[in-house]
$ cat protein_24.csv   # CSV, C-alpha atoms
chain,number,residue,atom,x,y,z
A,1,MET,CA,-71.0,-43.2,2.6
A,2,GLY,CA,-73.0,-40.4,4.3
A,3,TYR,CA,-73.1,-36.9,3.0
A,4,PHE,CA,-71.0,-35.5,5.9
A,5,GLU,CA,-68.2,-38.0,5.2
A,6,LEU,CA,-68.5,-37.2,1.5
A,7,ILE,CA,-68.1,-33.4,2.2
A,8,ILE,CA,-65.1,-33.9,4.4
A,9,ALA,CA,-63.6,-36.3,1.9
A,10,CYS,CA,-64.1,-33.8,-1.0
A,11,ILE,CA,-62.7,-30.7,0.7
A,12,PHE,CA,-59.8,-32.1,2.7
A,13,VAL,CA,-58.9,-35.8,2.3
A,14,ASN,CA,-59.1,-36.0,-1.5
A,15,ASN,CA,-58.5,-32.3,-2.1
A,16,ILE,CA,-58.7,-31.9,-5.8
A,17,LEU,CA,-55.5,-29.7,-6.1
A,18,LEU,CA,-53.2,-31.1,-3.4
A,19,ALA,CA,-54.1,-34.8,-3.3
A,20,GLN,CA,-55.4,-35.5,-6.8
A,21,PHE,CA,-53.3,-33.0,-8.8
A,22,LEU,CA,-56.0,-31.6,-10.9
A,23,GLY,CA,-56.1,-27.9,-12.0
A,24,ASN,CA,-52.5,-27.1,-11.3
A,25,CYS,CA,-52.1,-24.6,-14.2
A,26,PRO,CA,-54.6,-22.1,-12.7
A,27,PHE,CA,-53.2,-23.0,-9.3
A,28,LEU,CA,-49.8,-21.6,-10.3
A,29,GLY,CA,-51.1,-19.1,-12.7
A,30,THR,CA,-53.6,-17.1,-10.7
A,31,SER,CA,-52.1,-17.4,-7.2
A,32,LYS,CA,-49.6,-14.5,-7.4
A,33,LYS,CA,-52.3,-12.0,-6.1
A,34,MET,CA,-55.0,-12.7,-3.6
A,35,GLU,CA,-57.6,-10.8,-5.8
A,36,THR,CA,-57.1,-13.1,-8.8
A,37,ALA,CA,-57.1,-16.2,-6.6
A,38,VAL,CA,-60.5,-15.2,-5.1
A,39,GLY,CA,-61.9,-14.5,-8.6
A,40,MET,CA,-60.7,-17.8,-10.0
A,41,SER,CA,-62.1,-19.8,-7.0
A,42,MET,CA,-65.5,-18.2,-7.3
A,43,ALA,CA,-65.6,-18.9,-11.1
A,44,VAL,CA,-64.5,-22.5,-10.5
A,45,VAL,CA,-67.2,-23.2,-7.8
A,46,PHE,CA,-69.9,-21.7,-10.1
A,47,VAL,CA,-68.9,-23.7,-13.3
A,48,THR,CA,-68.0,-27.0,-11.6
A,49,VAL,CA,-71.4,-27.3,-9.9
A,50,MET,CA,-73.2,-26.7,-13.2
A,51,ALA,CA,-70.8,-28.9,-15.3
A,52,GLY,CA,-70.7,-31.7,-12.7
A,53,THR,CA,-74.5,-32.1,-12.5
A,54,LEU,CA,-75.1,-31.5,-16.3
A,55,THR,CA,-72.6,-34.1,-17.4
A,56,TRP,CA,-73.9,-36.6,-14.9
A,57,VAL,CA,-77.4,-36.2,-16.4
A,58,ILE,CA,-76.1,-36.4,-20.0
A,59,TYR,CA,-74.0,-39.5,-19.2
A,60,THR,CA,-76.7,-41.3,-17.3
A,61,TYR,CA,-79.7,-40.5,-19.5
A,62,ILE,CA,-78.2,-40.1,-22.9
A,63,LEU,CA,-74.9,-41.8,-23.3
A,64,VAL,CA,-75.7,-45.0,-21.3
A,65,ASN,CA,-79.2,-45.3,-22.8
A,66,PHE,CA,-78.0,-45.1,-26.3
A,67,ASP,CA,-74.9,-47.2,-25.7
A,68,LEU,CA,-72.5,-44.3,-26.6
A,69,VAL,CA,-70.3,-44.5,-23.5
A,70,TYR,CA,-67.1,-44.4,-25.6
A,71,LEU,CA,-68.1,-40.8,-26.6
A,72,ARG,CA,-67.7,-39.7,-22.9
A,73,THR,CA,-64.6,-37.6,-23.3
A,74,ILE,CA,-65.8,-35.7,-26.4
A,75,ALA,CA,-69.3,-35.2,-25.0
A,76,PHE,CA,-68.0,-33.8,-21.7
A,77,ILE,CA,-65.5,-31.4,-23.2
A,78,VAL,CA,-68.1,-30.0,-25.6
A,79,VAL,CA,-70.6,-29.6,-22.7
A,80,ILE,CA,-68.1,-27.8,-20.5
A,81,ALA,CA,-66.9,-25.5,-23.4
A,82,SER,CA,-70.4,-24.5,-24.4
A,83,LEU,CA,-71.5,-24.2,-20.7
A,84,VAL,CA,-68.7,-21.8,-20.0
A,85,GLN,CA,-69.6,-19.8,-23.1
A,86,PHE,CA,-73.3,-19.7,-22.1
A,87,VAL,CA,-72.6,-18.8,-18.5
A,88,GLU,CA,-70.4,-15.9,-19.8
A,89,MET,CA,-73.1,-14.5,-22.0
A,90,PHE,CA,-75.8,-15.0,-19.4
A,91,LEU,CA,-73.9,-13.2,-16.7
A,92,LYS,CA,-72.9,-10.4,-19.0
A,93,LYS,CA,-76.6,-9.7,-19.7
A,94,SER,CA,-78.3,-10.3,-16.4
A,95,ILE,CA,-75.7,-10.0,-13.6
A,96,PRO,CA,-73.1,-7.5,-14.8
A,97,ALA,CA,-71.6,-7.1,-11.3
A,98,LEU,CA,-70.8,-10.8,-11.0
A,99,TYR,CA,-69.5,-10.8,-14.6
A,100,ALA,CA,-67.1,-8.0,-13.8
A,101,GLY,CA,-65.9,-9.9,-10.7
A,102,LEU,CA,-65.2,-13.1,-12.5
A,103,GLY,CA,-64.0,-11.3,-15.6
A,104,ILE,CA,-61.3,-13.1,-17.6
A,105,PHE,CA,-61.4,-16.2,-15.4
A,106,LEU,CA,-64.5,-17.6,-17.0
A,107,PRO,CA,-63.1,-18.4,-20.5
A,108,LEU,CA,-59.9,-19.9,-18.8
A,109,ILE,CA,-62.0,-22.5,-17.1
A,110,THR,CA,-62.6,-24.5,-20.3
A,111,THR,CA,-59.1,-25.8,-20.0
A,112,ASN,CA,-59.1,-26.2,-16.3
A,113,CYS,CA,-58.7,-29.9,-15.7
A,114,ALA,CA,-60.3,-29.7,-12.3
A,115,VAL,CA,-63.7,-29.1,-13.9
A,116,MET,CA,-63.3,-32.0,-16.4
A,117,GLY,CA,-61.7,-34.1,-13.6
A,118,VAL,CA,-64.7,-33.7,-11.3
A,119,CYS,CA,-67.1,-34.7,-14.0
A,120,VAL,CA,-65.1,-37.8,-14.8
A,121,LEU,CA,-64.7,-38.7,-11.1
A,122,ASN,CA,-68.4,-38.4,-10.5
A,123,ILE,CA,-69.0,-41.0,-13.2
A,124,ASP,CA,-66.1,-43.3,-12.2
A,125,LYS,CA,-67.2,-43.4,-8.6
A,126,GLU,CA,-70.8,-44.2,-9.6
A,127,PHE,CA,-72.4,-41.4,-7.6
A,128,THR,CA,-76.1,-40.8,-7.5
A,129,PHE,CA,-77.4,-37.5,-8.8
A,130,LEU,CA,-77.5,-35.9,-5.3
A,131,GLN,CA,-74.0,-37.3,-4.4
A,132,ALA,CA,-72.7,-35.9,-7.7
A,133,LEU,CA,-74.1,-32.5,-6.9
A,134,VAL,CA,-72.6,-32.4,-3.4
A,135,ALA,CA,-69.3,-33.8,-4.6
A,136,SER,CA,-69.0,-31.2,-7.4
A,137,LEU,CA,-69.8,-28.4,-5.0
A,138,PHE,CA,-67.3,-29.4,-2.3
A,139,TYR,CA,-64.5,-30.5,-4.6
A,140,ALA,CA,-64.7,-26.9,-6.0
A,141,VAL,CA,-64.8,-25.5,-2.5
A,142,GLY,CA,-61.7,-27.5,-1.7
A,143,PHE,CA,-60.1,-26.1,-4.8
A,144,GLY,CA,-60.9,-22.5,-3.7
A,145,LEU,CA,-59.7,-23.2,-0.2
A,146,ALA,CA,-56.3,-24.5,-1.4
A,147,LEU,CA,-55.9,-21.7,-4.0
A,148,ILE,CA,-56.6,-18.9,-1.5
A,149,LEU,CA,-54.3,-20.4,1.2
A,150,PHE,CA,-51.6,-20.8,-1.4
A,151,ALA,CA,-52.1,-17.2,-2.7
A,152,GLY,CA,-51.6,-15.9,0.9
A,153,LEU,CA,-48.3,-17.8,1.2
A,154,ARG,CA,-47.1,-16.9,-2.2
A,155,GLU,CA,-47.5,-13.2,-1.6
A,156,ARG,CA,-45.1,-13.6,1.3
A,157,THR,CA,-42.5,-15.5,-0.8
A,158,LEU,CA,-42.4,-12.6,-3.2
A,159,LEU,CA,-40.9,-10.5,-0.4
A,160,ALA,CA,-38.3,-13.2,0.7
A,161,ARG,CA,-34.9,-13.4,-0.9
A,162,VAL,CA,-34.9,-16.6,-2.9
A,163,PRO,CA,-31.8,-17.9,-4.7
A,164,LYS,CA,-32.0,-17.2,-8.4
A,165,PRO,CA,-32.6,-20.7,-9.9
A,166,LEU,CA,-35.3,-21.3,-7.3
A,167,GLN,CA,-37.3,-18.2,-8.1
A,168,ASP,CA,-40.9,-18.0,-9.3
A,169,THR,CA,-42.4,-21.3,-10.3
A,170,SER,CA,-39.8,-23.4,-8.6
A,171,ILE,CA,-40.3,-21.9,-5.1
A,172,ALA,CA,-44.0,-21.9,-5.7
A,173,LEU,CA,-44.0,-25.7,-6.3
A,174,VAL,CA,-42.0,-26.3,-3.1
A,175,THR,CA,-44.5,-24.0,-1.2
A,176,ALA,CA,-47.3,-26.1,-2.7
A,177,GLY,CA,-45.6,-29.2,-1.4
A,178,MET,CA,-45.6,-27.7,2.1
A,179,ILE,CA,-49.4,-27.1,1.9
A,180,SER,CA,-49.9,-30.5,0.5
A,181,LEU,CA,-48.0,-31.9,3.4
A,182,ALA,CA,-50.3,-30.1,5.8
A,183,PHE,CA,-53.4,-31.5,3.9
A,184,PHE,CA,-51.8,-35.0,4.0
A,185,ALA,CA,-52.5,-35.0,7.7
A,186,PHE,CA,-56.2,-35.4,6.9
A,187,GLN,CA,-55.4,-38.8,5.2
A,188,GLY,CA,-57.2,-41.7,6.8
A,189,MET,CA,-59.8,-39.4,8.5
A,190,VAL,CA,-62.7,-40.8,6.4
B,1,MET,CA,-33.9,-17.4,-40.7
B,2,PRO,CA,-36.5,-20.1,-40.9
B,3,LYS,CA,-35.8,-23.2,-38.9
B,4,THR,CA,-35.3,-26.6,-40.5
B,5,ILE,CA,-37.4,-29.6,-39.7
B,6,VAL,CA,-34.7,-31.0,-37.6
B,7,GLN,CA,-34.5,-27.8,-35.5
B,8,GLU,CA,-38.2,-27.9,-35.0
B,9,PHE,CA,-37.9,-31.4,-33.7
B,10,THR,CA,-34.9,-30.9,-31.4
B,11,LYS,CA,-36.2,-27.7,-29.8
B,12,GLY,CA,-38.7,-29.8,-27.9
B,13,LEU,CA,-35.9,-31.8,-26.3
B,14,TRP,CA,-34.2,-28.9,-24.6
B,15,GLU,CA,-35.0,-25.2,-25.6
B,16,GLU,CA,-38.8,-25.7,-25.1
B,17,LEU,CA,-38.6,-28.9,-23.0
B,18,PRO,CA,-42.0,-29.3,-21.4
B,19,PRO,CA,-42.8,-29.2,-18.5
B,20,PHE,CA,-39.6,-27.5,-17.4
B,21,ARG,CA,-39.1,-24.8,-19.9
B,22,LEU,CA,-42.8,-24.4,-20.9
B,23,VAL,CA,-44.4,-24.6,-17.4
B,24,LEU,CA,-47.7,-26.1,-18.8
B,25,GLY,CA,-49.6,-29.3,-18.3
B,26,LEU,CA,-48.5,-29.9,-14.8
B,27,CYS,CA,-51.4,-32.1,-13.7
B,28,PRO,CA,-50.3,-35.4,-15.3
B,29,VAL,CA,-46.7,-34.5,-14.5
B,30,LEU,CA,-47.5,-34.5,-10.8
B,31,GLY,CA,-50.2,-37.1,-10.8
B,32,VAL,CA,-48.8,-40.1,-12.6
B,33,THR,CA,-45.1,-40.0,-11.9
B,34,THR,CA,-45.2,-42.2,-8.8
B,35,THR,CA,-43.3,-44.8,-10.9
B,36,MET,CA,-41.1,-44.5,-14.0
B,37,GLU,CA,-43.4,-46.9,-16.0
B,38,ASN,CA,-46.5,-44.8,-15.4
B,39,GLY,CA,-44.6,-41.6,-16.4
B,40,LEU,CA,-43.4,-43.1,-19.6
B,41,GLY,CA,-46.8,-44.6,-20.4
B,42,MET,CA,-48.5,-41.2,-19.9
B,43,GLY,CA,-45.8,-39.5,-22.0
B,44,ILE,CA,-46.3,-41.9,-24.9
B,45,ALA,CA,-50.1,-41.4,-24.8
B,46,THR,CA,-49.6,-37.7,-24.8
B,47,THR,CA,-47.1,-37.9,-27.7
B,48,PHE,CA,-49.6,-39.8,-29.8
B,49,VAL,CA,-52.3,-37.1,-29.2
B,50,LEU,CA,-49.8,-34.3,-29.9
B,51,PHE,CA,-48.7,-35.9,-33.1
B,52,GLY,CA,-52.3,-36.5,-34.3
B,53,SER,CA,-53.7,-33.2,-33.3
B,54,ASN,CA,-50.7,-31.2,-34.8
B,55,PHE,CA,-51.0,-33.2,-38.0
B,56,LEU,CA,-54.8,-32.7,-38.4
B,57,VAL,CA,-54.9,-29.1,-37.3
B,58,SER,CA,-52.1,-28.2,-39.7
B,59,LEU,CA,-53.8,-30.1,-42.5
B,60,LEU,CA,-57.1,-28.3,-42.0
B,61,ARG,CA,-55.6,-24.9,-41.1
B,62,SER,CA,-57.0,-23.2,-44.2
B,63,ILE,CA,-60.5,-24.6,-43.6
B,64,ILE,CA,-60.9,-23.9,-39.9
B,65,PRO,CA,-62.4,-20.4,-39.4
B,66,GLN,CA,-60.4,-18.0,-37.1
B,67,LYS,CA,-63.4,-17.4,-34.8
B,68,VAL,CA,-64.2,-20.9,-33.8
B,69,ARG,CA,-60.7,-22.3,-34.0
B,70,ILE,CA,-60.4,-23.2,-30.3
B,71,ALA,CA,-63.6,-25.3,-30.4
B,72,CYS,CA,-62.4,-27.1,-33.6
B,73,PHE,CA,-59.0,-27.8,-31.9
B,74,ILE,CA,-60.7,-29.2,-28.8
B,75,ILE,CA,-62.9,-31.5,-30.9
B,76,ILE,CA,-59.9,-32.8,-32.9
B,77,ILE,CA,-57.9,-33.3,-29.7
B,78,ALA,CA,-60.8,-35.1,-28.0
B,79,SER,CA,-61.1,-37.5,-30.9
B,80,PHE,CA,-57.5,-38.5,-30.6
B,81,VAL,CA,-57.8,-38.9,-26.9
B,82,THR,CA,-60.8,-41.2,-27.4
B,83,ILE,CA,-58.6,-43.2,-29.8
B,84,VAL,CA,-55.9,-43.5,-27.2
B,85,GLU,CA,-58.4,-44.5,-24.5
B,86,LEU,CA,-59.8,-47.3,-26.6
B,87,LEU,CA,-56.4,-48.5,-27.8
B,88,MET,CA,-55.2,-48.6,-24.2
B,89,GLN,CA,-58.2,-50.4,-23.0
B,90,ALA,CA,-57.6,-53.1,-25.7
B,91,TYR,CA,-53.8,-53.5,-25.4
B,92,ALA,CA,-52.5,-52.0,-22.2
B,93,TYR,CA,-55.4,-52.4,-19.7
B,94,PRO,CA,-53.3,-52.5,-16.4
B,95,LEU,CA,-51.6,-49.2,-17.4
B,96,TYR,CA,-55.0,-47.7,-18.3
B,97,LEU,CA,-56.3,-48.6,-14.9
B,98,LYS,CA,-53.3,-47.0,-13.2
B,99,LEU,CA,-53.4,-43.8,-15.1
B,100,GLY,CA,-57.2,-43.6,-14.6
B,101,VAL,CA,-58.7,-40.2,-14.8
B,102,PHE,CA,-55.5,-38.7,-16.4
B,103,ILE,CA,-56.1,-40.3,-19.8
B,104,PRO,CA,-59.4,-38.5,-20.6
B,105,LEU,CA,-57.8,-35.4,-19.1
B,106,ILE,CA,-55.2,-35.2,-21.9
B,107,VAL,CA,-58.0,-33.2,-23.6
B,108,VAL,CA,-57.5,-30.3,-21.3
B,109,ASN,CA,-53.7,-30.6,-21.2
B,110,CYS,CA,-52.5,-27.1,-22.0
B,111,ILE,CA,-49.5,-28.3,-23.9
B,112,VAL,CA,-51.6,-30.1,-26.6
B,113,LEU,CA,-53.9,-27.1,-27.1
B,114,GLY,CA,-50.9,-24.7,-26.9
B,115,ARG,CA,-49.1,-26.4,-29.7
B,116,ALA,CA,-52.2,-26.5,-31.9
B,117,GLU,CA,-52.7,-22.8,-31.4
B,118,ALA,CA,-49.2,-21.5,-31.3
B,119,PHE,CA,-47.6,-23.8,-33.9
B,120,ALA,CA,-49.7,-26.2,-36.0
B,121,TYR,CA,-52.3,-23.5,-37.0
B,122,LYS,CA,-49.6,-21.4,-38.6
B,123,ASN,CA,-47.1,-23.9,-40.1
B,124,LYS,CA,-46.8,-26.6,-42.8
B,125,VAL,CA,-47.8,-30.2,-42.1
B,126,SER,CA,-44.3,-31.6,-42.1
B,127,TYR,CA,-43.0,-29.0,-39.6
B,128,SER,CA,-46.1,-29.5,-37.4
B,129,ILE,CA,-45.5,-33.2,-37.2
B,130,ALA,CA,-41.8,-32.6,-36.3
B,131,ASP,CA,-42.9,-30.1,-33.6
B,132,GLY,CA,-45.5,-32.4,-32.2
B,133,LEU,CA,-43.1,-35.4,-32.0
B,134,GLY,CA,-40.3,-33.3,-30.5
B,135,ILE,CA,-42.4,-31.8,-27.8
B,136,GLY,CA,-44.1,-35.2,-27.1
B,137,ILE,CA,-40.7,-37.0,-26.8
B,138,GLY,CA,-39.4,-34.2,-24.5
B,139,PHE,CA,-42.5,-34.5,-22.4
B,140,THR,CA,-42.1,-38.3,-22.2
B,141,LEU,CA,-38.4,-38.0,-21.2
B,142,SER,CA,-39.3,-35.5,-18.5
B,143,LEU,CA,-42.0,-37.6,-17.1
B,144,GLY,CA,-39.8,-40.7,-17.2
B,145,ALA,CA,-37.0,-38.8,-15.4
B,146,LEU,CA,-39.3,-37.4,-12.7
B,147,GLY,CA,-40.9,-40.9,-12.3
B,148,ALA,CA,-37.5,-42.5,-12.0
B,149,VAL,CA,-36.2,-40.1,-9.3
B,150,ARG,CA,-39.4,-40.5,-7.3
B,151,GLU,CA,-39.6,-44.2,-7.6
B,152,LEU,CA,-35.9,-44.7,-6.8
B,153,LEU,CA,-35.9,-42.6,-3.7
B,154,GLY,CA,-39.4,-43.6,-2.6
B,155,ASN,CA,-39.3,-47.4,-3.1
B,156,GLY,CA,-35.5,-47.9,-3.2
B,157,SER,CA,-35.8,-49.5,-6.7
B,158,VAL,CA,-36.9,-48.8,-10.3
B,159,THR,CA,-38.6,-51.3,-12.4
B,160,VAL,CA,-39.8,-50.7,-16.0
B,161,TRP,CA,-41.9,-53.3,-17.8
B,162,GLY,CA,-41.0,-56.1,-15.4
B,163,ASP,CA,-37.5,-56.9,-16.5
B,164,LEU,CA,-35.4,-53.7,-16.7
B,165,SER,CA,-34.8,-52.8,-13.1
B,166,TYR,CA,-32.3,-51.2,-10.7
B,167,ASN,CA,-32.3,-51.8,-7.0
B,168,LEU,CA,-30.8,-49.0,-4.9
B,169,SER,CA,-31.5,-50.8,-1.6
B,170,ALA,CA,-29.4,-53.8,-2.7
B,171,ALA,CA,-26.6,-51.6,-3.9
B,172,PHE,CA,-26.5,-49.5,-0.7
B,173,PRO,CA,-27.9,-51.7,2.1
B,174,SER,CA,-28.0,-48.8,4.6
B,175,TYR,CA,-30.5,-46.9,2.3
B,176,GLN,CA,-33.9,-46.5,3.8
B,177,PRO,CA,-36.7,-46.0,1.2
B,178,PHE,CA,-38.1,-42.4,1.6
B,179,SER,CA,-41.8,-43.1,1.0
B,180,PHE,CA,-42.6,-39.3,1.2
B,181,MET,CA,-41.3,-39.0,-2.4
B,182,VAL,CA,-44.1,-41.3,-3.9
B,183,GLN,CA,-46.8,-39.5,-2.0
B,184,ALA,CA,-48.6,-36.3,-2.9
B,185,PRO,CA,-46.4,-33.7,-1.2
B,186,GLY,CA,-43.2,-35.3,-2.6
B,187,ALA,CA,-44.5,-34.7,-6.2
B,188,PHE,CA,-44.6,-30.9,-5.7
B,189,ILE,CA,-41.3,-30.7,-3.9
B,190,CYS,CA,-39.5,-33.0,-6.3
B,191,LEU,CA,-40.7,-31.2,-9.4
B,192,GLY,CA,-39.8,-27.8,-7.8
B,193,LEU,CA,-36.3,-28.9,-7.1
B,194,MET,CA,-35.8,-30.5,-10.6
B,195,LEU,CA,-37.1,-27.2,-12.1
B,196,CYS,CA,-34.4,-25.4,-10.0
B,197,ILE,CA,-31.7,-27.7,-11.2
B,198,ILE,CA,-32.8,-27.2,-14.9
B,199,ASN,CA,-32.8,-23.4,-14.4
B,200,ALA,CA,-29.4,-23.5,-12.8
B,201,VAL,CA,-28.0,-25.6,-15.7
B,202,GLY,CA,-29.8,-23.6,-18.4
B,203,ASP,CA,-28.2,-20.4,-17.1

$ encode --input "protein_24.csv" --output "structure tokens"
Amino acid sequence: MGYFELIIACIFVNNILLAQFLGNCPFLGTSKKMETAVGMSMAVVFVTVMAGTLTWVIYTYILVNFDLVYLRTIAFIVVIASLVQFVEMFLKKSIPALYAGLGIFLPLITTNCAVMGVCVLNIDKEFTFLQALVASLFYAVGFGLALILFAGLRERTLLARVPKPLQDTSIALVTAGMISLAFFAFQGMV
Amino acid sequence: MPKTIVQEFTKGLWEELPPFRLVLGLCPVLGVTTTMENGLGMGIATTFVLFGSNFLVSLLRSIIPQKVRIACFIIIIASFVTIVELLMQAYAYPLYLKLGVFIPLIVVNCIVLGRAEAFAYKNKVSYSIADGLGIGIGFTLSLGALGAVRELLGNGSVTVWGDLSYNLSAAFPSYQPFSFMVQAPGAFICLGLMLCIINAVGD
């Protein structure tokens, strides 16, 4: 598979939120306002690229070499949790403007299953290092795209008169279904 | 008034039924419920992890320091997820392949971490086990129900473990399977409508 196909597949065809169902908690949690959606998307892009490549290196050069593949889940979650902590401290010291922008979204990413999901998918699909790097970046871009589109729609549904039992999460899920339907049209492109 | 063990157990079945009452841990709910069997399998795996992590967190709650508790919880949960992964590879390999990436992702399921933080870290071992089992069984039933609805409407029949089955297309020959339900968009819309029904009944 060429890199162009890989990029299209990661952003649209196998969109991490709408086709693979990963990272739905922040999808529903941070999409009420456009500002928070943009902040979350930036933080996810940043962390996923770092986590995706770092876990690939650790898996290929440490776990496989020492026959410790069964420790994958534990190793990955520890890497992600410490990476998030490290990134947070680093940004606070050296790039305060970016830190202020990402704010509370950084710690939340530890339990964002999109990040962990991308790391596991990179291994399961047997990507090379460069493919893993590209896939991590564009899965995260696809996440951001879907989240920002959804936040735009959700701001509108706040103004609409929705029947009481359907309010809030329920109508949000139906709206997400509509976007997912739109993304479904990309199926079979690659 | 403090709740009894039975009350801690039964609250997971309706009052705090995940994922409908506690809207957490939606990824496996949407991702694996294309059939009832997958939904139930995922639910059982999650129940095991919830039971184990609640038990161990509650047992160690006086040893785990406040400041690093989240990291400790995650390590405990990850250990149980690894146990489930290995057990499923040994005894339920076809199901393991179908659930795929969602099994390692139980680590980041907000329900499991949420119960450790909100309940097991503050309560006695017996209560924590009751809470973990109750929430786990509630989760399993919800996944099974959602899987059953999607499989029934999408394929026209429901089959669980090969022999228990119900065929809607045979009962109503004019019924056309609505394959939209087993595909990605159907998951969101079906869950949204079920949430709406539960909200309406709950009020």

$ interface_residues --input "protein_24.csv" --of "chain B" --to "chain A" --cutoff "9 Å" --atoms "all atoms listed in the file" --output "short mmCIF file (atom, residue, chain, number, x, y, z; two decimals) with C-alpha atoms, in the coordinates of the input"
data_model
loop_
_atom_site.label_atom_id
_atom_site.label_comp_id
_atom_site.auth_asym_id
_atom_site.auth_seq_id
_atom_site.Cartn_x
_atom_site.Cartn_y
_atom_site.Cartn_z
CA VAL B 23 -44.40 -24.60 -17.40
CA LEU B 24 -47.70 -26.10 -18.80
CA GLY B 25 -49.60 -29.30 -18.30
CA LEU B 26 -48.50 -29.90 -14.80
CA CYS B 27 -51.40 -32.10 -13.70
CA PRO B 28 -50.30 -35.40 -15.30
CA VAL B 29 -46.70 -34.50 -14.50
CA LEU B 30 -47.50 -34.50 -10.80
CA GLY B 31 -50.20 -37.10 -10.80
CA ALA B 71 -63.60 -25.30 -30.40
CA ILE B 74 -60.70 -29.20 -28.80
CA ILE B 75 -62.90 -31.50 -30.90
CA ILE B 77 -57.90 -33.30 -29.70
CA ALA B 78 -60.80 -35.10 -28.00
CA SER B 79 -61.10 -37.50 -30.90
CA VAL B 81 -57.80 -38.90 -26.90
CA THR B 82 -60.80 -41.20 -27.40
CA GLU B 85 -58.40 -44.50 -24.50
CA LEU B 86 -59.80 -47.30 -26.60
CA VAL B 101 -58.70 -40.20 -14.80
CA PHE B 102 -55.50 -38.70 -16.40
CA PRO B 104 -59.40 -38.50 -20.60
CA LEU B 105 -57.80 -35.40 -19.10
CA ILE B 106 -55.20 -35.20 -21.90
CA VAL B 107 -58.00 -33.20 -23.60
CA VAL B 108 -57.50 -30.30 -21.30
CA ASN B 109 -53.70 -30.60 -21.20
CA CYS B 110 -52.50 -27.10 -22.00
CA LEU B 113 -53.90 -27.10 -27.10
CA GLN B 183 -46.80 -39.50 -2.00
CA ALA B 184 -48.60 -36.30 -2.90
CA PRO B 185 -46.40 -33.70 -1.20
CA GLY B 186 -43.20 -35.30 -2.60
CA ALA B 187 -44.50 -34.70 -6.20
CA PHE B 188 -44.60 -30.90 -5.70
CA ILE B 189 -41.30 -30.70 -3.90
CA CYS B 190 -39.50 -33.00 -6.30
CA LEU B 191 -40.70 -31.20 -9.40
CA GLY B 192 -39.80 -27.80 -7.80
CA LEU B 193 -36.30 -28.90 -7.10
CA MET B 194 -35.80 -30.50 -10.60
CA LEU B 195 -37.10 -27.20 -12.10
CA CYS B 196 -34.40 -25.40 -10.00
CA ILE B 197 -31.70 -27.70 -11.20
CA ILE B 198 -32.80 -27.20 -14.90
CA ASN B 199 -32.80 -23.40 -14.40
CA ALA B 200 -29.40 -23.50 -12.80
CA VAL B 201 -28.00 -25.60 -15.70
CA ASP B 203 -28.20 -20.40 -17.10
#

$ atom_distance --input "protein_24.csv" --atom1 "CA of Val32 in chain B" --atom2 "CA of Lys98 in chain B"
8.3 Å

$ residues_around --input "protein_24.csv" --residues "range 140-151 of chain A" --least-positions-apart "2" --cutoff "8 Å" --atoms "only C-alpha atoms" --output "VMD selection string"
chain A and resid 10 to 12 15 to 18 27 31 to 34 37 to 38 40 to 42 44 to 45 48 to 49 136 to 138 153 to 155 175 to 176 179

$ residues_near_point --input "protein_24.csv" --point "(-71.6, -16.2, -11.0)" --cutoff "9 Å" --atoms "only C-alpha atoms" --output "NGL selection string"
:A and (42-43 or 45-47 or 87-88 or 91 or 95 or 98-99 or 101-102)

$ residues_around --input "protein_24.csv" --residues "range 48-54 of chain B" --least-positions-apart "2" --cutoff "7 Å" --atoms "all atoms listed in the file" --output "VMD selection string"
chain B and resid 44 to 46 56 to 58 76 to 77 80 to 81 112 116 120 128 to 129 132 to 133 136

$ closest_residue --input "protein_24.csv" --among "B:Ile137, B:Leu22, B:Met42, B:Ile70" --to "Val84 in chain B" --atoms "all atoms listed in the file"
B:Met42

$ closest_residue --input "protein_24.csv" --among "B:Phe172, B:Tyr96, B:Phe139, B:Phe180" --to "Asn155 in chain B" --atoms "all atoms listed in the file"
B:Phe180

$ residues_around --input "protein_24.csv" --residues "Thr60 in chain A" --least-positions-apart "5" --cutoff "10 Å" --atoms "only C-alpha atoms" --output "ChimeraX atom specification"
/A:54-55,65-66,69,123,128-129

$ closest_residue --input "protein_24.csv" --among "B:Ala92, B:Met36, B:Ile111, B:Leu17" --to "Gly154 in chain B" --atoms "all atoms listed in the file"
B:Met36

$ residues_around --input "protein_24.csv" --residues "Leu59 in chain B" --least-positions-apart "4" --cutoff "8 Å" --atoms "all atoms listed in the file" --output "list of chain:residue names"
B:Phe55, B:Lys124, B:Val125

$ closest_residue --input "protein_24.csv" --among "A:Ile8, A:Leu130, A:Leu108, A:Leu158" --to "Ile80 in chain A" --atoms "only C-alpha atoms"
A:Leu108

$ atom_distance --input "protein_24.csv" --atom1 "CA of Gln7 in chain B" --atom2 "CA of Ser126 in chain B"
12.4 Å

$ atom_distance --input "protein_24.csv" --atom1 "CA of Lys11 in chain B" --atom2 "CA of Gly39 in chain B"
21.1 Å

$ residues_around --input "protein_24.csv" --residues "range 146-152 of chain B" --least-positions-apart "5" --cutoff "7 Å" --atoms "only C-alpha atoms" --output "ChimeraX atom specification"
/B:33-36,39,157-158,168,181-182

$ closest_residue --input "protein_24.csv" --among "B:Thr47, B:Gln66, B:Asn123, B:Asn38" --to "Ile5 in chain B" --atoms "only C-alpha atoms"
B:Asn123
